[in-house]
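Okay, protein_11.csv is below, CSV, C-alpha atoms:
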```csv
chain,number,residue,atom,x,y,z
D,1438,MET,CA,-14.0,-16.2,-30.0
D,1439,ALA,CA,-13.4,-12.5,-30.1
D,1440,ASN,CA,-15.3,-9.3,-30.6
D,1441,VAL,CA,-13.8,-7.8,-33.8
D,1442,ALA,CA,-14.2,-4.7,-35.9
D,1443,PHE,CA,-13.1,-4.3,-39.5
D,1444,LEU,CA,-12.6,-0.9,-41.1
D,1445,GLY,CA,-12.6,-0.7,-44.9
D,1446,LEU,CA,-14.6,-2.9,-47.1
D,1447,GLY,CA,-12.9,-2.7,-50.4
D,1448,VAL,CA,-12.1,-5.6,-52.7
D,1449,MET,CA,-9.8,-7.0,-50.0
D,1450,GLY,CA,-11.5,-6.0,-46.8
D,1451,TYR,CA,-15.0,-7.2,-47.8
D,1452,PRO,CA,-14.0,-10.9,-48.0
D,1453,MET,CA,-11.5,-10.6,-45.2
D,1454,ALA,CA,-14.2,-9.5,-42.8
D,1455,ARG,CA,-16.4,-12.3,-44.0
D,1456,HIS,CA,-13.7,-14.9,-43.2
D,1457,LEU,CA,-13.4,-13.4,-39.7
D,1458,LYS,CA,-17.2,-13.8,-39.2
D,1459,ASN,CA,-17.0,-17.4,-40.6
D,1460,GLY,CA,-14.3,-18.1,-38.2
D,1461,GLY,CA,-16.8,-17.7,-35.4
D,1462,HIS,CA,-15.9,-14.1,-34.3
D,1463,THR,CA,-18.5,-11.4,-33.7
D,1464,VAL,CA,-17.8,-8.8,-36.4
D,1465,THR,CA,-18.8,-5.1,-36.7
D,1466,VAL,CA,-17.8,-3.3,-39.9
D,1467,TYR,CA,-17.3,0.3,-41.0
D,1468,ASN,CA,-16.9,1.6,-44.5
D,1469,ARG,CA,-16.7,5.2,-45.7
D,1470,THR,CA,-19.7,4.4,-47.8
D,1471,THR,CA,-22.3,3.3,-45.2
D,1472,ALA,CA,-24.4,1.5,-47.8
D,1473,LYS,CA,-21.6,-0.9,-48.4
D,1474,ALA,CA,-21.2,-1.6,-44.7
D,1475,ARG,CA,-25.0,-2.2,-44.4
D,1476,LYS,CA,-24.9,-4.6,-47.3
D,1477,TRP,CA,-22.0,-6.5,-45.7
D,1478,ALA,CA,-23.9,-6.8,-42.4
D,1479,GLU,CA,-27.0,-8.0,-44.2
D,1480,GLU,CA,-25.1,-10.6,-46.2
D,1481,ASN,CA,-23.0,-11.9,-43.4
D,1482,GLY,CA,-25.0,-11.5,-40.2
D,1483,GLY,CA,-22.8,-9.0,-38.6
D,1484,THR,CA,-23.4,-5.4,-37.6
D,1485,TYR,CA,-22.2,-2.1,-38.9
D,1486,GLN,CA,-21.5,1.4,-37.6
D,1487,GLU,CA,-21.2,4.8,-39.2
D,1488,THR,CA,-17.9,5.9,-37.8
D,1489,PRO,CA,-14.6,4.1,-37.1
D,1490,ALA,CA,-14.8,5.0,-33.4
D,1491,GLU,CA,-18.3,3.5,-33.0
D,1492,ALA,CA,-17.1,0.3,-34.8
D,1493,ALA,CA,-14.0,0.1,-32.6
D,1494,ASP,CA,-15.7,0.8,-29.3
D,1495,GLY,CA,-15.3,-2.2,-26.9
D,1496,GLN,CA,-13.7,-4.5,-29.4
D,1497,ASP,CA,-10.9,-7.0,-28.6
D,1498,PHE,CA,-9.4,-6.6,-32.1
D,1499,VAL,CA,-9.8,-3.9,-34.7
D,1500,PHE,CA,-8.7,-4.7,-38.3
D,1501,CYS,CA,-8.2,-2.2,-41.0
D,1502,CYS,CA,-7.6,-2.3,-44.7
D,1503,VAL,CA,-7.8,1.1,-46.5
D,1504,GLY,CA,-6.0,2.8,-49.3
D,1505,ASN,CA,-2.9,4.7,-48.2
D,1506,ASP,CA,-1.3,6.6,-45.3
D,1507,ASP,CA,-3.8,9.5,-45.4
D,1508,ASP,CA,-6.8,7.1,-45.4
D,1509,LEU,CA,-5.2,5.2,-42.5
D,1510,ARG,CA,-4.8,8.3,-40.4
D,1511,SER,CA,-8.4,9.3,-41.2
D,1512,VAL,CA,-9.8,6.1,-39.7
D,1513,THR,CA,-7.4,6.0,-36.7
D,1514,ILE,CA,-6.2,9.3,-35.3
D,1515,ALA,CA,-8.5,11.8,-36.9
D,1516,GLU,CA,-11.7,13.0,-35.2
D,1517,GLY,CA,-14.1,10.1,-35.0
D,1518,GLY,CA,-11.2,7.7,-35.6
D,1519,ALA,CA,-10.9,4.3,-34.0
D,1520,PHE,CA,-7.9,5.1,-31.8
D,1521,GLY,CA,-10.1,7.4,-29.7
D,1522,ALA,CA,-12.4,4.5,-28.8
D,1523,MET,CA,-10.0,1.5,-28.4
D,1524,LYS,CA,-10.2,-0.2,-25.0
D,1525,LYS,CA,-7.1,-0.8,-22.9
D,1526,GLY,CA,-5.3,-4.0,-24.0
D,1527,ALA,CA,-7.1,-4.3,-27.4
D,1528,ILE,CA,-5.1,-4.9,-30.6
D,1529,PHE,CA,-5.3,-2.9,-33.8
D,1530,VAL,CA,-4.2,-4.9,-36.8
D,1531,ASP,CA,-3.5,-2.8,-39.9
D,1532,ASN,CA,-3.7,-4.8,-43.2
D,1533,THR,CA,-3.2,-1.6,-45.3
D,1534,THR,CA,-0.2,-1.4,-47.5
D,1535,ALA,CA,1.3,1.8,-46.2
D,1536,SER,CA,4.6,3.3,-45.2
D,1537,ALA,CA,6.8,2.1,-42.4
D,1538,GLU,CA,6.8,5.6,-41.2
D,1539,VAL,CA,3.0,5.7,-40.6
D,1540,ALA,CA,3.2,2.3,-39.0
D,1541,ARG,CA,5.7,3.5,-36.4
D,1542,GLU,CA,3.6,6.7,-35.9
D,1543,LEU,CA,0.5,4.7,-35.2
D,1544,GLY,CA,2.3,2.1,-33.1
D,1545,ALA,CA,3.6,4.9,-30.8
D,1546,ALA,CA,0.1,6.5,-30.6
D,1547,ALA,CA,-1.4,3.1,-29.7
D,1548,LYS,CA,1.1,2.4,-27.0
D,1549,GLU,CA,0.6,5.8,-25.4
D,1550,ALA,CA,-3.2,5.2,-25.3
D,1551,GLY,CA,-2.8,1.8,-23.7
D,1552,PHE,CA,-3.6,-0.6,-26.5
D,1553,GLU,CA,-1.5,-2.6,-29.1
D,1554,PHE,CA,-0.7,-2.1,-32.7
D,1555,LEU,CA,0.5,-4.5,-35.5
D,1556,ASP,CA,1.3,-3.5,-39.0
D,1557,ALA,CA,0.2,-6.5,-41.1
D,1558,PRO,CA,0.1,-5.8,-44.9
D,1559,VAL,CA,-1.1,-8.7,-47.0
D,1560,SER,CA,-0.1,-10.3,-50.3
D,1561,GLY,CA,-2.3,-12.5,-52.5
D,1562,GLY,CA,-4.6,-10.0,-54.2
D,1563,GLN,CA,-8.4,-10.2,-54.5
D,1564,ALA,CA,-8.3,-13.9,-55.1
D,1565,GLY,CA,-6.3,-14.5,-52.0
D,1566,ALA,CA,-8.7,-12.4,-50.0
D,1567,GLU,CA,-11.7,-14.2,-51.4
D,1568,ASN,CA,-10.2,-17.6,-50.7
D,1569,GLY,CA,-8.9,-16.8,-47.2
D,1570,ALA,CA,-5.4,-17.6,-48.5
D,1571,LEU,CA,-3.4,-14.3,-48.0
D,1572,THR,CA,0.2,-14.0,-46.9
D,1573,VAL,CA,0.5,-11.7,-43.9
D,1574,MET,CA,3.7,-9.9,-43.0
D,1575,VAL,CA,3.6,-8.6,-39.5
D,1576,GLY,CA,5.5,-6.0,-37.5
D,1577,GLY,CA,5.2,-5.6,-33.8
D,1578,ASP,CA,5.8,-7.2,-30.4
D,1579,GLU,CA,6.0,-11.0,-30.3
D,1580,ALA,CA,3.5,-11.5,-27.5
D,1581,VAL,CA,1.0,-9.3,-29.2
D,1582,PHE,CA,1.5,-11.2,-32.5
D,1583,GLU,CA,0.9,-14.5,-30.8
D,1584,LYS,CA,-2.3,-13.3,-29.3
D,1585,ALA,CA,-3.5,-11.9,-32.7
D,1586,ARG,CA,-2.3,-14.8,-34.9
D,1587,PRO,CA,-5.3,-17.2,-34.4
D,1588,VAL,CA,-7.6,-14.4,-35.5
D,1589,ILE,CA,-5.5,-13.4,-38.5
D,1590,ASP,CA,-5.4,-17.1,-39.5
D,1591,CYS,CA,-9.1,-16.7,-40.5
D,1592,TYR,CA,-8.1,-15.1,-43.8
D,1593,ALA,CA,-4.4,-16.2,-44.2
D,1594,LYS,CA,-2.5,-19.2,-45.5
D,1595,MET,CA,0.8,-17.8,-44.2
D,1596,VAL,CA,1.4,-15.4,-41.3
D,1597,GLY,CA,4.9,-14.3,-40.2
D,1598,LEU,CA,6.4,-11.9,-37.6
D,1599,MET,CA,9.0,-10.0,-39.5
D,1600,GLY,CA,10.4,-7.8,-36.6
D,1601,PRO,CA,9.3,-4.7,-34.7
D,1602,THR,CA,6.7,-2.2,-35.7
D,1603,GLY,CA,7.2,-1.2,-39.4
D,1604,ALA,CA,8.9,-4.5,-40.3
D,1605,GLY,CA,5.7,-5.8,-41.9
D,1606,GLN,CA,5.5,-2.8,-44.2
D,1607,LEU,CA,9.1,-3.1,-45.1
D,1608,THR,CA,8.7,-6.7,-46.0
D,1609,LYS,CA,5.7,-5.9,-48.2
D,1610,MET,CA,8.0,-3.4,-50.0
D,1611,VAL,CA,10.4,-6.3,-50.7
D,1612,ASN,CA,7.4,-8.3,-51.9
D,1613,GLN,CA,6.3,-5.6,-54.4
D,1614,THR,CA,9.8,-5.0,-55.6
D,1615,CYS,CA,10.3,-8.7,-56.5
D,1616,ILE,CA,6.9,-8.8,-58.2
D,1617,ALA,CA,7.6,-5.7,-60.3
D,1618,GLY,CA,10.8,-7.0,-61.7
D,1619,LEU,CA,9.4,-10.5,-62.2
D,1620,VAL,CA,6.3,-9.3,-64.1
D,1621,GLN,CA,8.4,-7.1,-66.4
D,1622,GLY,CA,10.6,-10.1,-67.2
D,1623,LEU,CA,7.6,-12.3,-67.9
D,1624,ALA,CA,6.0,-9.6,-70.2
D,1625,GLU,CA,9.3,-9.3,-72.1
D,1626,GLY,CA,9.6,-13.1,-72.4
D,1627,ILE,CA,6.1,-13.6,-73.8
D,1628,HIS,CA,6.5,-10.6,-76.1
D,1629,PHE,CA,9.8,-12.1,-77.4
D,1630,ALA,CA,8.3,-15.5,-77.9
D,1631,LYS,CA,5.4,-14.2,-79.8
D,1632,SER,CA,7.6,-12.0,-82.0
D,1633,ALA,CA,9.8,-15.1,-82.7
D,1634,GLY,CA,6.7,-17.1,-83.8
D,1635,LEU,CA,6.9,-19.6,-81.0
D,1636,ASP,CA,3.9,-21.5,-79.5
D,1637,ILE,CA,3.4,-19.7,-76.2
D,1638,GLU,CA,1.6,-22.6,-74.5
D,1639,LYS,CA,4.4,-25.0,-75.4
D,1640,VAL,CA,7.1,-22.5,-74.3
D,1641,VAL,CA,5.4,-21.9,-70.9
D,1642,SER,CA,4.7,-25.6,-70.4
D,1643,VAL,CA,8.4,-26.3,-70.6
D,1644,ILE,CA,10.1,-23.3,-68.9
D,1645,SER,CA,7.5,-23.1,-66.1
D,1646,LYS,CA,8.9,-26.4,-64.8
D,1647,GLY,CA,12.4,-25.0,-64.6
D,1648,ALA,CA,14.2,-22.1,-63.0
D,1649,ALA,CA,12.0,-19.5,-64.8
D,1650,GLY,CA,8.8,-20.8,-63.2
D,1651,SER,CA,6.8,-18.5,-61.0
D,1652,TRP,CA,3.3,-17.9,-59.6
D,1653,GLN,CA,2.9,-15.1,-62.1
D,1654,MET,CA,3.8,-17.4,-65.0
D,1655,GLU,CA,1.5,-20.2,-63.9
D,1656,ASN,CA,-1.4,-17.9,-63.2
D,1657,ARG,CA,-1.1,-15.0,-65.7
D,1658,TRP,CA,0.5,-16.2,-69.0
D,1659,LYS,CA,-2.9,-17.3,-70.5
D,1660,THR,CA,-4.6,-14.0,-69.9
D,1661,MET,CA,-1.5,-12.0,-70.9
D,1662,ASP,CA,-1.3,-13.9,-74.2
D,1663,ALA,CA,-5.1,-13.2,-74.7
D,1664,ASP,CA,-4.6,-9.5,-74.0
D,1665,GLU,CA,-6.9,-9.7,-71.0
D,1666,TYR,CA,-6.1,-7.6,-68.0
D,1667,ASN,CA,-9.4,-7.2,-66.1
D,1668,HIS,CA,-8.6,-9.1,-63.0
D,1669,GLY,CA,-6.1,-9.1,-60.2
D,1670,PHE,CA,-4.1,-6.3,-58.5
D,1671,ALA,CA,-4.6,-2.9,-60.3
D,1672,VAL,CA,-1.8,-0.9,-61.8
D,1673,ASP,CA,-3.0,2.2,-59.8
D,1674,TRP,CA,-2.5,0.3,-56.6
D,1675,MET,CA,0.9,-1.1,-57.7
D,1676,ARG,CA,2.2,2.4,-58.5
D,1677,LYS,CA,1.1,3.5,-55.0
D,1678,ASP,CA,3.0,0.7,-53.5
D,1679,LEU,CA,6.1,1.3,-55.7
D,1680,HIS,CA,6.1,4.9,-54.7
D,1681,ILE,CA,6.2,3.8,-51.1
D,1682,VAL,CA,9.1,1.5,-51.9
D,1683,LEU,CA,11.1,4.2,-53.7
D,1684,GLU,CA,10.5,6.7,-51.0
D,1685,GLU,CA,11.8,4.3,-48.4
D,1686,ALA,CA,14.8,3.4,-50.6
D,1687,ARG,CA,15.7,7.1,-50.6
D,1688,ARG,CA,15.7,7.0,-46.9
D,1689,ASN,CA,17.8,3.9,-46.4
D,1690,GLY,CA,20.1,4.4,-49.3
D,1691,SER,CA,19.0,1.4,-51.4
D,1692,ARG,CA,19.6,1.4,-55.1
D,1693,MET,CA,16.5,0.4,-57.0
D,1694,PRO,CA,17.1,1.0,-60.7
D,1695,VAL,CA,14.8,-1.8,-62.0
D,1696,THR,CA,12.0,-0.9,-59.6
D,1697,ALA,CA,12.2,2.7,-60.6
D,1698,LEU,CA,12.1,1.8,-64.3
D,1699,VAL,CA,9.1,-0.6,-63.9
D,1700,ASP,CA,7.3,2.1,-62.0
D,1701,GLN,CA,7.7,4.4,-65.1
D,1702,PHE,CA,6.5,1.5,-67.3
D,1703,TYR,CA,3.3,1.3,-65.1
D,1704,GLY,CA,3.0,5.0,-65.6
D,1705,ASP,CA,2.9,4.4,-69.4
D,1706,VAL,CA,0.1,1.8,-68.8
D,1707,GLN,CA,-1.9,4.4,-66.9
D,1708,LYS,CA,-1.4,6.9,-69.8
D,1709,MET,CA,-2.9,4.2,-72.1
D,1710,GLY,CA,-6.0,4.2,-69.9
D,1711,GLY,CA,-5.0,1.0,-68.0
D,1712,GLY,CA,-4.9,2.3,-64.5
D,1713,ARG,CA,-7.4,-0.4,-63.5
D,1714,TYR,CA,-5.8,-3.2,-65.5
D,1715,ASP,CA,-4.0,-5.8,-63.4
D,1716,THR,CA,-0.3,-5.6,-63.1
D,1717,SER,CA,0.4,-8.2,-65.8
D,1718,SER,CA,-0.6,-5.4,-68.3
D,1719,LEU,CA,3.1,-4.6,-68.7
D,1720,LEU,CA,2.8,-6.8,-71.8
D,1721,ALA,CA,0.1,-4.4,-73.2
D,1722,ARG,CA,2.6,-1.6,-73.0
D,1723,LEU,CA,5.0,-3.6,-75.2
D,1724,GLU,CA,2.4,-4.7,-77.7
D,1725,ARG,CA,0.0,-1.7,-78.0
D,1726,SER,CA,2.3,1.2,-77.9
```
Write the structure described by the file as structure tokens, please.
Amino acid sequence: MANVAFLGLGVMGYPMARHLKNGGHTVTVYNRTTAKARKWAEENGGTYQETPAEAADGQDFVFCCVGNDDDLRSVTIAEGGAFGAMKKGAIFVDNTTASAEVARELGAAAKEAGFEFLDAPVSGGQAGAENGALTVMVGGDEAVFEKARPVIDCYAKMVGLMGPTGAGQLTKMVNQTCIAGLVQGLAEGIHFAKSAGLDIEKVVSVISKGAAGSWQMENRWKTMDADEYNHGFAVDWMRKDLHIVLEEARRNGSRMPVTALVDQFYGDVQKMGGGRYDTSSLLARLERS
């Protein structure tokens, strides 16, 4: 078993850190709001520290799940950040959905300081984090990945090495691109079926067993039909991710017309006051506007 730190106790990080503790590891946590870190430690039997550096000091693995590139830099390379306290040979595993650019930046900084770095964004949302059933897309060296994989497995159902540093983040961009187009298609399909006077349950029970079937259809059609969007991955977070996708697309020359359009649609949902709605709220845009 390993000595582990976890930085960032949001809706994803809080249960992920718990799964590491339940996996038998010794876990120290850090959160920007210290009261939340203290609460986690009291509930789970771990310890907490008031700075990323104090949490990372002497650990074998340091995990991180924060909001964006700037948040990530603030807990790693800024004053009091974890990178200043990482021991030689330790492994930093970043579960944040961030840019490939910052992953490469931090990977280089880690190597120069004598420890290892993996970019390892996750998919599966809050439910996946709570159930320890996340998909983890990893970028980094294979030997480092193999060393970290048994620990990552504590909160994952699928872990894959996608390539060198940055490849995990690039794979997450593909993931978000596919979800965006799929959810818009599902929203339009349900909207069309309702407008046509069809029984939505009957429609979904049939088409979900064919080529149109998807996780989103199976798990979100009922709440979409009921106009309920108070669960799952928030629109604000999805827009952050799609901005990362579109920025990377500008760099590599990809053409992403549907992704760019769905990003605008999510902007409409935000204007409706739905920034904290889950991503299936694309249907609300069609039916409430």
task: Give me the residues within 9 Å of Ala1492 (chain D) as an MDAnalysis selection string, counting all atoms listed in the file and dropping any in the same chain fewer than 4 places off.
output: chainID D and resid 1441:1444 1465:1467 1484:1488 1496 1499 1519 1522
message: Rounded to one decimal, what separation in Å do you get between CA of Val1640 (chain D) and CA of Asp1715 (chain D)?
response: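 So the answer is 22.8 Å.
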message: Using only C-alpha atoms, which protein or nucleic acid residues come within 8 Å of Met1574 (chain D)? Drop anything in the same chain fewer than 2 positions from it, and give the result as a PyMOL selection string.
response: chain D and resi 1556-1559+1572+1576+1596-1599+1604-1606+1608-1609
task: Name the residues within 7 Å of (13.1, 5.7, -56.1), counting all atoms listed in the file in the file's coordinates, and put them as a list of chain:residue names.
output: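 Returned residue set, sorted by chain then number, is D:Leu1683, D:Glu1684, D:Ala1686, D:Arg1687, D:Met1693, D:Ala1697.
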Written file, previous selection with C-alpha atoms, as a short mmCIF file (atom, residue, chain, number, x, y, z; two decimals), keeping the file's coordinate frame:
```
data_model
loop_
_atom_site.label_atom_id
_atom_site.label_comp_id
_atom_site.auth_asym_id
_atom_site.auth_seq_id
_atom_site.Cartn_x
_atom_site.Cartn_y
_atom_site.Cartn_z
CA LEU D 1683 11.10 4.20 -53.70
CA GLU D 1684 10.50 6.70 -51.00
CA ALA D 1686 14.80 3.40 -50.60
CA ARG D 1687 15.70 7.10 -50.60
CA MET D 1693 16.50 0.40 -57.00
CA ALA D 1697 12.20 2.70 -60.60
#
```
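Between CA of Gly1518 (chain D) and CA of Tyr1451 (chain D) lies a distance of 19.6 Å.
You will find CA of Ser1632 (chain D) at 21.4 Å from CA of Val1699 (chain D).
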message: Residues within 7 Å of Ser1536 (chain D), please, as a list in words. Count all atoms listed in the file; anything in the same chain fewer than 4 positions from it doesn't count.
response: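 Listing them by chain and then by number gives Asp1506, Ala1540, Gln1606 and Ile1681 of chain D.
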message: Considering all atoms listed in the file, can you say which of D:Met1453, D:Val1448, D:Met1654, D:Met1610 comes closest to Ala1593 (chain D)?
response: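 Checking each candidate against Ala1593 (chain D), we get D:Met1453 as the closest.
For the choices D:Asn1656, D:Gln1563, D:Thr1533, D:Ser1717, the atom-to-atom distance to Ala1624 (chain D) is smallest for D:Ser1717 when using all atoms listed in the file.
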query: Between D:Lys1659, D:Arg1713, D:Phe1520, D:Gln1613, which is the closest to Gly1551 (chain D) once you count only C-alpha atoms?
result: D:Phe1520
- prompt: What lies within 12 Å of Ala1566 (chain D) using only C-alpha atoms, ignoring chain neighbours under 4 positions off, as a VMD selection string?
  reply: chain D and resid 1446 to 1457 1502 1532 1559 to 1562 1570 to 1573 1589 to 1594 1669 to 1670
